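Enquirer: Provided herewith: model_4.txt, compact mmCIF, N, CA and C atoms.
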# COMPACT_ATOMS: atom_id res chain seq x y z
N MET A 394 -29.45 -51.22 56.22
CA MET A 394 -29.01 -49.84 56.31
C MET A 394 -27.49 -49.81 56.51
N ALA A 395 -26.82 -49.00 55.74
CA ALA A 395 -25.38 -48.84 55.89
C ALA A 395 -25.10 -48.00 57.13
N ARG A 396 -24.22 -48.47 57.96
CA ARG A 396 -23.89 -47.75 59.18
C ARG A 396 -22.64 -46.92 58.95
N ARG A 397 -22.71 -45.65 59.31
CA ARG A 397 -21.56 -44.75 59.21
C ARG A 397 -20.94 -44.64 60.60
N VAL A 398 -19.64 -44.92 60.67
CA VAL A 398 -18.92 -45.01 61.95
C VAL A 398 -17.83 -43.95 61.99
N PHE A 399 -17.70 -43.30 63.16
CA PHE A 399 -16.61 -42.35 63.39
C PHE A 399 -15.51 -43.08 64.14
N PHE A 400 -14.28 -42.99 63.64
CA PHE A 400 -13.12 -43.59 64.30
C PHE A 400 -12.33 -42.49 64.99
N SER A 401 -12.22 -42.59 66.31
CA SER A 401 -11.50 -41.63 67.13
C SER A 401 -10.15 -42.24 67.52
N PHE A 402 -9.07 -41.47 67.33
CA PHE A 402 -7.74 -41.97 67.69
C PHE A 402 -6.79 -40.79 67.86
N GLU A 403 -5.71 -41.02 68.56
CA GLU A 403 -4.66 -40.01 68.72
C GLU A 403 -3.78 -40.10 67.49
N TYR A 404 -3.41 -38.96 66.93
CA TYR A 404 -2.81 -38.94 65.60
C TYR A 404 -1.50 -39.71 65.49
N SER A 405 -0.77 -39.90 66.58
CA SER A 405 0.47 -40.68 66.50
C SER A 405 0.19 -42.15 66.16
N ASP A 406 -1.05 -42.56 66.29
CA ASP A 406 -1.45 -43.94 65.97
C ASP A 406 -2.10 -44.06 64.59
N VAL A 407 -1.89 -43.08 63.72
CA VAL A 407 -2.61 -43.07 62.44
C VAL A 407 -2.35 -44.32 61.61
N SER A 408 -1.13 -44.84 61.60
CA SER A 408 -0.87 -46.03 60.77
C SER A 408 -1.61 -47.24 61.32
N ARG A 409 -1.70 -47.36 62.64
CA ARG A 409 -2.46 -48.46 63.25
C ARG A 409 -3.96 -48.26 62.99
N ALA A 410 -4.42 -47.02 63.13
CA ALA A 410 -5.83 -46.72 62.89
C ALA A 410 -6.22 -47.05 61.45
N MET A 411 -5.31 -46.81 60.52
CA MET A 411 -5.60 -47.10 59.12
C MET A 411 -5.82 -48.60 58.88
N VAL A 412 -5.13 -49.44 59.62
CA VAL A 412 -5.34 -50.88 59.51
C VAL A 412 -6.80 -51.22 59.85
N VAL A 413 -7.28 -50.65 60.95
CA VAL A 413 -8.65 -50.90 61.39
C VAL A 413 -9.65 -50.29 60.40
N ARG A 414 -9.43 -49.03 60.04
CA ARG A 414 -10.32 -48.35 59.10
C ARG A 414 -10.39 -49.08 57.77
N ASN A 415 -9.23 -49.47 57.25
CA ASN A 415 -9.22 -50.15 55.96
C ASN A 415 -9.94 -51.50 56.01
N SER A 416 -9.86 -52.18 57.14
CA SER A 416 -10.59 -53.44 57.26
C SER A 416 -12.10 -53.19 57.22
N TRP A 417 -12.53 -52.06 57.77
CA TRP A 417 -13.95 -51.68 57.77
C TRP A 417 -14.39 -51.34 56.35
N VAL A 418 -13.59 -50.52 55.68
CA VAL A 418 -13.93 -50.06 54.34
C VAL A 418 -13.90 -51.21 53.33
N THR A 419 -12.94 -52.14 53.47
CA THR A 419 -12.87 -53.26 52.53
C THR A 419 -14.08 -54.19 52.66
N GLN A 420 -14.80 -54.06 53.77
CA GLN A 420 -16.01 -54.85 53.94
C GLN A 420 -17.24 -54.07 53.47
N GLY A 421 -17.00 -52.96 52.74
CA GLY A 421 -18.08 -52.19 52.15
C GLY A 421 -18.75 -51.22 53.09
N LYS A 422 -18.10 -50.85 54.17
CA LYS A 422 -18.68 -49.95 55.16
C LYS A 422 -18.14 -48.54 54.97
N GLU A 423 -18.79 -47.55 55.61
CA GLU A 423 -18.36 -46.16 55.50
C GLU A 423 -17.72 -45.70 56.81
N ALA A 424 -16.57 -45.05 56.68
CA ALA A 424 -15.83 -44.57 57.84
C ALA A 424 -15.71 -43.06 57.80
N ALA A 425 -15.73 -42.44 58.97
CA ALA A 425 -15.52 -41.00 59.10
C ALA A 425 -14.44 -40.79 60.16
N GLY A 426 -13.86 -39.59 60.14
CA GLY A 426 -12.89 -39.26 61.18
C GLY A 426 -11.45 -39.41 60.75
N PHE A 427 -11.19 -39.50 59.45
CA PHE A 427 -9.83 -39.63 58.97
C PHE A 427 -9.44 -38.42 58.16
N ILE A 428 -8.23 -37.97 58.35
CA ILE A 428 -7.70 -36.81 57.65
C ILE A 428 -6.22 -37.07 57.42
N ASP A 429 -5.69 -36.70 56.25
CA ASP A 429 -4.27 -36.96 56.02
C ASP A 429 -3.42 -35.92 56.74
N ALA A 430 -2.12 -36.20 56.85
CA ALA A 430 -1.22 -35.38 57.66
C ALA A 430 -1.18 -33.92 57.19
N ALA A 431 -1.10 -33.70 55.89
CA ALA A 431 -1.01 -32.33 55.38
C ALA A 431 -2.28 -31.55 55.71
N ASP A 432 -3.44 -32.17 55.51
CA ASP A 432 -4.70 -31.49 55.82
C ASP A 432 -4.84 -31.24 57.32
N PHE A 433 -4.38 -32.19 58.14
CA PHE A 433 -4.47 -32.01 59.59
C PHE A 433 -3.58 -30.84 60.03
N GLU A 434 -2.38 -30.73 59.45
CA GLU A 434 -1.49 -29.63 59.81
C GLU A 434 -2.13 -28.29 59.45
N LYS A 435 -2.79 -28.22 58.30
CA LYS A 435 -3.49 -26.98 57.91
C LYS A 435 -4.60 -26.66 58.90
N LEU A 436 -5.33 -27.69 59.29
CA LEU A 436 -6.43 -27.52 60.24
C LEU A 436 -5.91 -27.05 61.59
N GLU A 437 -4.81 -27.66 62.05
CA GLU A 437 -4.21 -27.28 63.33
C GLU A 437 -3.83 -25.81 63.36
N LYS A 438 -3.31 -25.31 62.24
CA LYS A 438 -2.89 -23.90 62.17
C LYS A 438 -4.08 -22.95 62.31
N LYS A 439 -5.28 -23.42 62.00
CA LYS A 439 -6.48 -22.59 62.12
C LYS A 439 -6.98 -22.51 63.56
N GLY A 440 -6.50 -23.42 64.43
CA GLY A 440 -6.84 -23.35 65.84
C GLY A 440 -7.90 -24.34 66.29
N SER A 441 -8.15 -24.31 67.58
CA SER A 441 -9.05 -25.27 68.24
C SER A 441 -10.48 -25.22 67.71
N ASP A 442 -10.98 -24.03 67.44
CA ASP A 442 -12.35 -23.93 66.94
C ASP A 442 -12.50 -24.65 65.60
N ALA A 443 -11.50 -24.52 64.73
CA ALA A 443 -11.54 -25.19 63.43
C ALA A 443 -11.49 -26.71 63.59
N ILE A 444 -10.69 -27.17 64.53
CA ILE A 444 -10.60 -28.62 64.77
C ILE A 444 -11.94 -29.13 65.31
N GLN A 445 -12.53 -28.42 66.27
CA GLN A 445 -13.82 -28.83 66.81
C GLN A 445 -14.89 -28.86 65.72
N THR A 446 -14.90 -27.88 64.86
CA THR A 446 -15.87 -27.84 63.77
C THR A 446 -15.68 -29.03 62.84
N TRP A 447 -14.42 -29.35 62.53
CA TRP A 447 -14.13 -30.51 61.67
C TRP A 447 -14.65 -31.78 62.33
N ILE A 448 -14.36 -31.96 63.62
CA ILE A 448 -14.82 -33.15 64.35
C ILE A 448 -16.34 -33.22 64.33
N ASP A 449 -16.99 -32.11 64.65
CA ASP A 449 -18.45 -32.07 64.67
C ASP A 449 -19.02 -32.45 63.30
N ASP A 450 -18.42 -31.93 62.24
CA ASP A 450 -18.87 -32.25 60.88
C ASP A 450 -18.68 -33.73 60.56
N GLN A 451 -17.57 -34.30 61.01
CA GLN A 451 -17.31 -35.72 60.76
C GLN A 451 -18.27 -36.62 61.54
N LEU A 452 -18.64 -36.19 62.74
CA LEU A 452 -19.56 -36.98 63.56
C LEU A 452 -21.00 -36.93 63.03
N ASP A 453 -21.32 -35.88 62.28
CA ASP A 453 -22.67 -35.73 61.76
C ASP A 453 -23.04 -36.92 60.88
N GLY A 454 -24.16 -37.54 61.19
CA GLY A 454 -24.63 -38.68 60.41
C GLY A 454 -24.05 -40.01 60.83
N THR A 455 -23.23 -40.04 61.88
CA THR A 455 -22.70 -41.31 62.38
C THR A 455 -23.60 -41.81 63.50
N SER A 456 -23.54 -43.11 63.76
CA SER A 456 -24.34 -43.68 64.83
C SER A 456 -23.48 -44.36 65.89
N VAL A 457 -22.22 -44.61 65.57
CA VAL A 457 -21.31 -45.26 66.51
C VAL A 457 -19.94 -44.59 66.40
N THR A 458 -19.29 -44.43 67.56
CA THR A 458 -17.92 -43.94 67.61
C THR A 458 -17.05 -45.07 68.16
N VAL A 459 -16.01 -45.41 67.40
CA VAL A 459 -15.05 -46.44 67.80
C VAL A 459 -13.78 -45.71 68.22
N VAL A 460 -13.39 -45.86 69.49
CA VAL A 460 -12.17 -45.24 70.00
C VAL A 460 -11.04 -46.26 69.87
N LEU A 461 -10.05 -45.91 69.03
CA LEU A 461 -8.90 -46.78 68.78
C LEU A 461 -7.80 -46.37 69.75
N VAL A 462 -7.48 -47.25 70.70
CA VAL A 462 -6.64 -46.88 71.83
C VAL A 462 -5.23 -47.42 71.69
N GLY A 463 -4.28 -46.51 71.76
CA GLY A 463 -2.85 -46.84 71.74
C GLY A 463 -2.18 -46.26 72.98
N LYS A 464 -0.93 -45.88 72.81
CA LYS A 464 -0.11 -45.42 73.93
C LYS A 464 -0.53 -44.06 74.49
N TYR A 465 -0.94 -43.12 73.63
CA TYR A 465 -1.21 -41.75 74.07
C TYR A 465 -2.69 -41.36 74.01
N THR A 466 -3.53 -42.25 73.59
CA THR A 466 -4.94 -41.93 73.37
C THR A 466 -5.60 -41.34 74.61
N CYS A 467 -5.34 -41.90 75.77
CA CYS A 467 -6.00 -41.47 77.00
C CYS A 467 -5.68 -40.03 77.37
N HIS A 468 -4.62 -39.47 76.80
CA HIS A 468 -4.19 -38.12 77.14
C HIS A 468 -4.53 -37.10 76.06
N SER A 469 -5.20 -37.53 75.01
CA SER A 469 -5.51 -36.64 73.89
C SER A 469 -6.76 -35.81 74.19
N LYS A 470 -6.62 -34.49 74.16
CA LYS A 470 -7.78 -33.64 74.39
C LYS A 470 -8.79 -33.80 73.26
N TRP A 471 -8.33 -34.12 72.06
CA TRP A 471 -9.26 -34.27 70.94
C TRP A 471 -10.04 -35.58 71.03
N VAL A 472 -9.40 -36.64 71.48
CA VAL A 472 -10.13 -37.89 71.70
C VAL A 472 -11.17 -37.69 72.80
N LYS A 473 -10.79 -37.01 73.87
CA LYS A 473 -11.75 -36.71 74.94
C LYS A 473 -12.94 -35.92 74.39
N TYR A 474 -12.65 -34.93 73.56
CA TYR A 474 -13.73 -34.14 72.95
C TYR A 474 -14.61 -35.02 72.07
N GLU A 475 -14.00 -35.90 71.28
CA GLU A 475 -14.77 -36.78 70.40
C GLU A 475 -15.68 -37.72 71.19
N ILE A 476 -15.18 -38.22 72.32
CA ILE A 476 -16.00 -39.08 73.18
C ILE A 476 -17.16 -38.28 73.77
N GLU A 477 -16.86 -37.11 74.31
CA GLU A 477 -17.91 -36.26 74.91
C GLU A 477 -18.96 -35.88 73.88
N LYS A 478 -18.53 -35.48 72.70
CA LYS A 478 -19.46 -35.08 71.64
C LYS A 478 -20.28 -36.29 71.18
N SER A 479 -19.65 -37.45 71.10
CA SER A 479 -20.37 -38.67 70.72
C SER A 479 -21.45 -39.01 71.73
N GLU A 480 -21.13 -38.86 73.02
CA GLU A 480 -22.13 -39.09 74.06
C GLU A 480 -23.26 -38.07 73.95
N GLU A 481 -22.90 -36.84 73.68
CA GLU A 481 -23.89 -35.76 73.56
C GLU A 481 -24.90 -36.03 72.43
N ILE A 482 -24.43 -36.54 71.30
CA ILE A 482 -25.32 -36.79 70.17
C ILE A 482 -25.95 -38.18 70.22
N GLY A 483 -25.59 -38.98 71.23
CA GLY A 483 -26.21 -40.28 71.42
C GLY A 483 -25.61 -41.43 70.64
N ASN A 484 -24.38 -41.25 70.16
CA ASN A 484 -23.72 -42.35 69.45
C ASN A 484 -23.43 -43.51 70.38
N GLY A 485 -23.47 -44.71 69.83
CA GLY A 485 -22.95 -45.87 70.53
C GLY A 485 -21.44 -45.71 70.62
N LEU A 486 -20.83 -46.25 71.67
CA LEU A 486 -19.38 -46.13 71.87
C LEU A 486 -18.78 -47.49 72.19
N LEU A 487 -17.55 -47.68 71.73
CA LEU A 487 -16.76 -48.84 72.11
C LEU A 487 -15.30 -48.49 71.93
N GLY A 488 -14.43 -49.26 72.57
CA GLY A 488 -13.00 -49.05 72.43
C GLY A 488 -12.34 -50.30 71.88
N ILE A 489 -11.25 -50.09 71.15
CA ILE A 489 -10.46 -51.20 70.61
C ILE A 489 -8.99 -50.92 70.87
N ASN A 490 -8.30 -51.87 71.48
CA ASN A 490 -6.87 -51.80 71.71
C ASN A 490 -6.16 -52.02 70.38
N ILE A 491 -5.44 -50.99 69.90
CA ILE A 491 -4.68 -51.11 68.66
C ILE A 491 -3.17 -51.08 68.91
N SER A 492 -2.77 -51.13 70.18
CA SER A 492 -1.36 -50.97 70.52
C SER A 492 -0.47 -52.07 69.96
N LEU A 493 -1.01 -53.23 69.71
CA LEU A 493 -0.19 -54.35 69.20
C LEU A 493 -0.19 -54.46 67.68
N ILE A 494 -0.86 -53.54 67.00
CA ILE A 494 -0.77 -53.48 65.54
C ILE A 494 0.55 -52.80 65.21
N ASN A 495 1.32 -53.39 64.32
CA ASN A 495 2.60 -52.79 63.93
C ASN A 495 2.38 -51.45 63.24
N ASP A 496 3.25 -50.48 63.58
CA ASP A 496 3.23 -49.21 62.84
C ASP A 496 4.03 -49.41 61.55
N LEU A 497 4.28 -48.33 60.83
CA LEU A 497 4.99 -48.43 59.55
C LEU A 497 6.43 -48.92 59.70
N ASN A 498 6.97 -48.82 60.91
CA ASN A 498 8.33 -49.31 61.18
C ASN A 498 8.34 -50.69 61.82
N GLY A 499 7.16 -51.30 61.95
CA GLY A 499 7.07 -52.63 62.54
C GLY A 499 7.03 -52.64 64.05
N ASN A 500 6.84 -51.47 64.68
CA ASN A 500 6.83 -51.37 66.14
C ASN A 500 5.42 -51.41 66.71
N THR A 501 5.34 -51.91 67.93
CA THR A 501 4.09 -51.85 68.70
C THR A 501 4.32 -50.89 69.86
N THR A 502 3.26 -50.62 70.64
CA THR A 502 3.39 -49.71 71.78
C THR A 502 2.74 -50.32 73.00
N ASP A 503 2.75 -49.56 74.07
CA ASP A 503 2.00 -49.91 75.26
C ASP A 503 0.57 -49.43 75.08
N LEU A 504 -0.29 -49.79 76.00
CA LEU A 504 -1.68 -49.36 76.01
C LEU A 504 -1.87 -48.40 77.17
N CYS A 505 -2.51 -47.24 76.94
CA CYS A 505 -2.67 -46.24 77.99
C CYS A 505 -3.82 -46.55 78.94
N GLY A 506 -4.76 -47.39 78.53
CA GLY A 506 -5.91 -47.70 79.36
C GLY A 506 -7.05 -48.20 78.50
N THR A 507 -8.20 -48.40 79.12
CA THR A 507 -9.36 -48.89 78.39
C THR A 507 -10.43 -47.82 78.38
N ILE A 508 -10.46 -47.04 77.31
CA ILE A 508 -11.47 -45.99 77.16
C ILE A 508 -12.29 -46.28 75.93
N PRO A 509 -13.50 -45.83 75.83
CA PRO A 509 -14.21 -44.98 76.78
C PRO A 509 -14.74 -45.77 77.97
N LYS A 510 -14.66 -45.17 79.12
CA LYS A 510 -15.11 -45.83 80.36
C LYS A 510 -16.59 -46.16 80.28
N GLY A 511 -16.92 -47.35 80.81
CA GLY A 511 -18.32 -47.75 80.86
C GLY A 511 -18.85 -48.37 79.57
N HIS A 512 -17.96 -48.57 78.59
CA HIS A 512 -18.37 -49.16 77.32
C HIS A 512 -17.50 -50.37 77.01
N ASP A 513 -17.98 -51.22 76.12
CA ASP A 513 -17.22 -52.41 75.76
C ASP A 513 -15.86 -52.04 75.21
N PHE A 514 -14.88 -52.88 75.50
CA PHE A 514 -13.50 -52.66 75.06
C PHE A 514 -12.96 -53.99 74.55
N TYR A 515 -12.35 -53.95 73.38
CA TYR A 515 -11.87 -55.16 72.72
C TYR A 515 -10.40 -55.01 72.34
N ASN A 516 -9.77 -56.15 72.06
CA ASN A 516 -8.41 -56.19 71.54
C ASN A 516 -8.46 -56.56 70.07
N TRP A 517 -7.83 -55.75 69.21
CA TRP A 517 -7.90 -55.97 67.77
C TRP A 517 -7.48 -57.38 67.40
N TYR A 518 -6.33 -57.83 67.90
CA TYR A 518 -5.85 -59.17 67.55
C TYR A 518 -6.48 -60.24 68.43
N GLY A 519 -6.46 -60.05 69.73
CA GLY A 519 -6.94 -61.07 70.66
C GLY A 519 -8.42 -61.41 70.48
N ASP A 520 -9.21 -60.45 70.04
CA ASP A 520 -10.64 -60.66 69.85
C ASP A 520 -11.03 -60.73 68.37
N ASP A 521 -10.03 -60.87 67.49
CA ASP A 521 -10.23 -61.01 66.04
C ASP A 521 -11.09 -59.87 65.48
N GLY A 522 -10.53 -58.67 65.60
CA GLY A 522 -11.23 -57.46 65.17
C GLY A 522 -11.67 -57.47 63.72
N TYR A 523 -10.83 -57.99 62.83
CA TYR A 523 -11.21 -57.98 61.41
C TYR A 523 -12.54 -58.71 61.21
N LYS A 524 -12.68 -59.83 61.87
CA LYS A 524 -13.88 -60.65 61.72
C LYS A 524 -15.05 -60.10 62.54
N ASN A 525 -14.77 -59.56 63.72
CA ASN A 525 -15.83 -59.26 64.69
C ASN A 525 -16.20 -57.79 64.86
N MET A 526 -15.45 -56.87 64.27
CA MET A 526 -15.73 -55.46 64.52
C MET A 526 -17.15 -55.07 64.12
N GLY A 527 -17.67 -55.60 63.06
CA GLY A 527 -19.04 -55.30 62.66
C GLY A 527 -20.04 -55.66 63.75
N ASP A 528 -19.85 -56.82 64.39
CA ASP A 528 -20.72 -57.22 65.49
C ASP A 528 -20.56 -56.29 66.69
N TRP A 529 -19.32 -55.88 66.98
CA TRP A 529 -19.08 -54.96 68.10
C TRP A 529 -19.80 -53.64 67.86
N ILE A 530 -19.71 -53.15 66.64
CA ILE A 530 -20.33 -51.88 66.29
C ILE A 530 -21.85 -51.99 66.39
N GLU A 531 -22.41 -53.08 65.89
CA GLU A 531 -23.86 -53.26 65.99
C GLU A 531 -24.31 -53.36 67.44
N LYS A 532 -23.53 -54.02 68.28
CA LYS A 532 -23.86 -54.13 69.70
C LYS A 532 -23.87 -52.74 70.35
N ALA A 533 -22.86 -51.91 70.03
CA ALA A 533 -22.79 -50.56 70.59
C ALA A 533 -23.95 -49.71 70.09
N ALA A 534 -24.31 -49.87 68.81
CA ALA A 534 -25.44 -49.11 68.25
C ALA A 534 -26.74 -49.51 68.95
N LYS A 535 -26.91 -50.79 69.15
CA LYS A 535 -28.13 -51.28 69.81
C LYS A 535 -28.20 -50.77 71.25
N ALA A 536 -27.07 -50.76 71.96
CA ALA A 536 -27.03 -50.28 73.34
C ALA A 536 -27.43 -48.80 73.41
N ALA A 537 -27.15 -48.05 72.32
CA ALA A 537 -27.48 -46.63 72.28
C ALA A 537 -28.81 -46.38 71.56
N SER A 538 -29.52 -47.45 71.26
CA SER A 538 -30.80 -47.36 70.51
C SER A 538 -30.63 -46.61 69.20
N ARG A 539 -29.56 -46.91 68.47
CA ARG A 539 -29.29 -46.26 67.19
C ARG A 539 -29.48 -47.23 66.05
I'd like the structure from this file rewritten - as structure tokens, please.
Expert:
Amino acid sequence: MARRVFFSFEYSDVSRAMVVRNSWVTQGKEAAGFIDAADFEKLEKKGSDAIQTWIDDQLDGTSVTVVLVGKYTCHSKWVKYEIEKSEEIGNGLLGINISLINDLNGNTTDLCGTIPKGHDFYNWYGDDGYKNMGDWIEKAAKAASR
């Protein structure tokens, strides 16, 4: 069975998140939770209800939510909403530190913390995310009986 995964991240980390997402997609998997900058700006102008509806629609049909954690992730109201909604629908959850992935300018950042609390947390480079993310996702799905 193909597993559909929602990737939650704070938008300032989009270039780092794309590294993780692209590694998932290149392995033949399906990803949800990505929107380009122009579409996101249009969505933002429609207000909070429109953003929540978009998130809810993206989460539909997923079984695991992967929280990609960088410098500002812990303070994002939308990441908090995505975690809460994922828990509500019974998705498996895990976190991945993406702070050491270079952005488009070659910079890294600090890490704000290890979220989501109470779930496994990994380091993209230190734990060889490209090779192991599929196993992490399956472990989170199994923990949530998904």
Enquirer: Quick one: distance from atom C of Tyr465 (chain A) to CA of Ala410 (chain A) in Å, one decimal?
Expert: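 Between these atoms lies a distance of 12.7 Å.
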Enquirer: Of the candidates A:Ala443, A:Arg539, A:Asp503, A:Pro509, which one gets nearest to Asn484 (chain A) if we count only N, CA and C atoms?
Expert: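 Under the stated criterion, the closest residue is A:Arg539.
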Enquirer: Quick one: pull the distance between CA of Lys478 (chain A) and CA of Glu437 (chain A), Å, one decimal.
Expert: 19.0 Å
Enquirer: Which residue gives the smallest distance to Phe514 (chain A) among A:Leu493, A:Glu403, A:Glu477, A:Ala533, with only C-alpha atoms counted?
Expert: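 Looking at the shortest contact to Phe514 (chain A), the residue is A:Ala533.
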Enquirer: Please list, as a PyMOL selection string, the residues that have an atom at most 9 Å away from (-16.1, -33.2, 65.1) in the coordinates of this file, counting only C-alpha atoms.
Expert: chain A and resi 426+444-453+474-475+478-479
Enquirer: Which of these, A:Ala534, A:Ile476, A:Val412, A:Ile491, has the shortest distance to Asp520 (chain A) once you count only C-alpha atoms?
Expert: A:Ile491
Enquirer: Please list as a PDB file with N, CA and C atoms, in the coordinates of the input every residue within 6.5 Å of Phe402 (chain A), counting all atoms listed in the file and excluding residues in the same chain fewer than 6 positions away.
Expert:
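Listed below is the output, around_18.pdb:
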ATOM      1  N   VAL A 459     -16.010 -45.410  67.400  1.00  0.00           N
ATOM      2  CA  VAL A 459     -15.050 -46.440  67.800  1.00  0.00           C
ATOM      3  C   VAL A 459     -13.780 -45.710  68.220  1.00  0.00           C
ATOM      4  N   VAL A 460     -13.390 -45.860  69.490  1.00  0.00           N
ATOM      5  CA  VAL A 460     -12.170 -45.240  70.000  1.00  0.00           C
ATOM      6  C   VAL A 460     -11.040 -46.260  69.870  1.00  0.00           C
ATOM      7  N   LEU A 461     -10.050 -45.910  69.030  1.00  0.00           N
ATOM      8  CA  LEU A 461      -8.900 -46.780  68.780  1.00  0.00           C
ATOM      9  C   LEU A 461      -7.800 -46.370  69.750  1.00  0.00           C
ATOM     10  N   VAL A 462      -7.480 -47.250  70.700  1.00  0.00           N
ATOM     11  CA  VAL A 462      -6.640 -46.880  71.830  1.00  0.00           C
ATOM     12  C   VAL A 462      -5.230 -47.420  71.690  1.00  0.00           C
ATOM     13  N   THR A 466      -3.530 -42.250  73.590  1.00  0.00           N
ATOM     14  CA  THR A 466      -4.940 -41.930  73.370  1.00  0.00           C
ATOM     15  C   THR A 466      -5.600 -41.340  74.610  1.00  0.00           C
ATOM     16  N   VAL A 472      -9.400 -36.640  71.480  1.00  0.00           N
ATOM     17  CA  VAL A 472     -10.130 -37.890  71.700  1.00  0.00           C
ATOM     18  C   VAL A 472     -11.170 -37.690  72.800  1.00  0.00           C
TER      19      VAL A 472
END
Enquirer: Could you check the closest approach to Gly488 (chain A) for each of A:Asn516, A:Ser441, A:Ser416, A:Thr455 and tell me which residue wins, using all atoms listed in the file?
Expert: A:Asn516
Enquirer: How many Å lie between atom C of Ser405 (chain A) and atom C of Asp496 (chain A), rounded to one decimal?
Expert: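 For atom C of Ser405 (chain A) relative to atom C of Asp496 (chain A), the distance reads 9.4 Å.
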Enquirer: Regenerate region 461-472 of chain A at the level of N, CA, C and O atoms and dump it as a compact mmCIF listing (two decimals), in the coordinates of the input.
Expert:
# COMPACT_ATOMS: atom_id res chain seq x y z
N LEU A 461 -10.05 -45.91 69.03
CA LEU A 461 -8.90 -46.78 68.78
C LEU A 461 -7.80 -46.37 69.75
O LEU A 461 -7.27 -45.27 69.67
N VAL A 462 -7.48 -47.25 70.70
CA VAL A 462 -6.64 -46.88 71.83
C VAL A 462 -5.23 -47.42 71.69
O VAL A 462 -5.02 -48.62 71.54
N GLY A 463 -4.28 -46.51 71.76
CA GLY A 463 -2.85 -46.84 71.74
C GLY A 463 -2.18 -46.26 72.98
O GLY A 463 -2.79 -46.10 74.03
N LYS A 464 -0.93 -45.88 72.81
CA LYS A 464 -0.11 -45.42 73.93
C LYS A 464 -0.53 -44.06 74.49
O LYS A 464 -0.48 -43.83 75.70
N TYR A 465 -0.94 -43.12 73.63
CA TYR A 465 -1.21 -41.75 74.07
C TYR A 465 -2.69 -41.36 74.01
O TYR A 465 -3.04 -40.24 74.37
N THR A 466 -3.53 -42.25 73.59
CA THR A 466 -4.94 -41.93 73.37
C THR A 466 -5.60 -41.34 74.61
O THR A 466 -6.37 -40.38 74.51
N CYS A 467 -5.34 -41.90 75.77
CA CYS A 467 -6.00 -41.47 77.00
C CYS A 467 -5.68 -40.03 77.37
O CYS A 467 -6.39 -39.42 78.18
N HIS A 468 -4.62 -39.47 76.80
CA HIS A 468 -4.19 -38.12 77.14
C HIS A 468 -4.53 -37.10 76.06
O HIS A 468 -4.19 -35.94 76.20
N SER A 469 -5.20 -37.53 75.01
CA SER A 469 -5.51 -36.64 73.89
C SER A 469 -6.76 -35.81 74.19
O SER A 469 -7.84 -36.35 74.41
N LYS A 470 -6.62 -34.49 74.16
CA LYS A 470 -7.78 -33.64 74.39
C LYS A 470 -8.79 -33.80 73.26
O LYS A 470 -10.00 -33.68 73.49
N TRP A 471 -8.33 -34.12 72.06
CA TRP A 471 -9.26 -34.27 70.94
C TRP A 471 -10.04 -35.58 71.03
O TRP A 471 -11.22 -35.62 70.72
N VAL A 472 -9.40 -36.64 71.48
CA VAL A 472 -10.13 -37.89 71.70
C VAL A 472 -11.17 -37.69 72.80
O VAL A 472 -12.31 -38.12 72.68
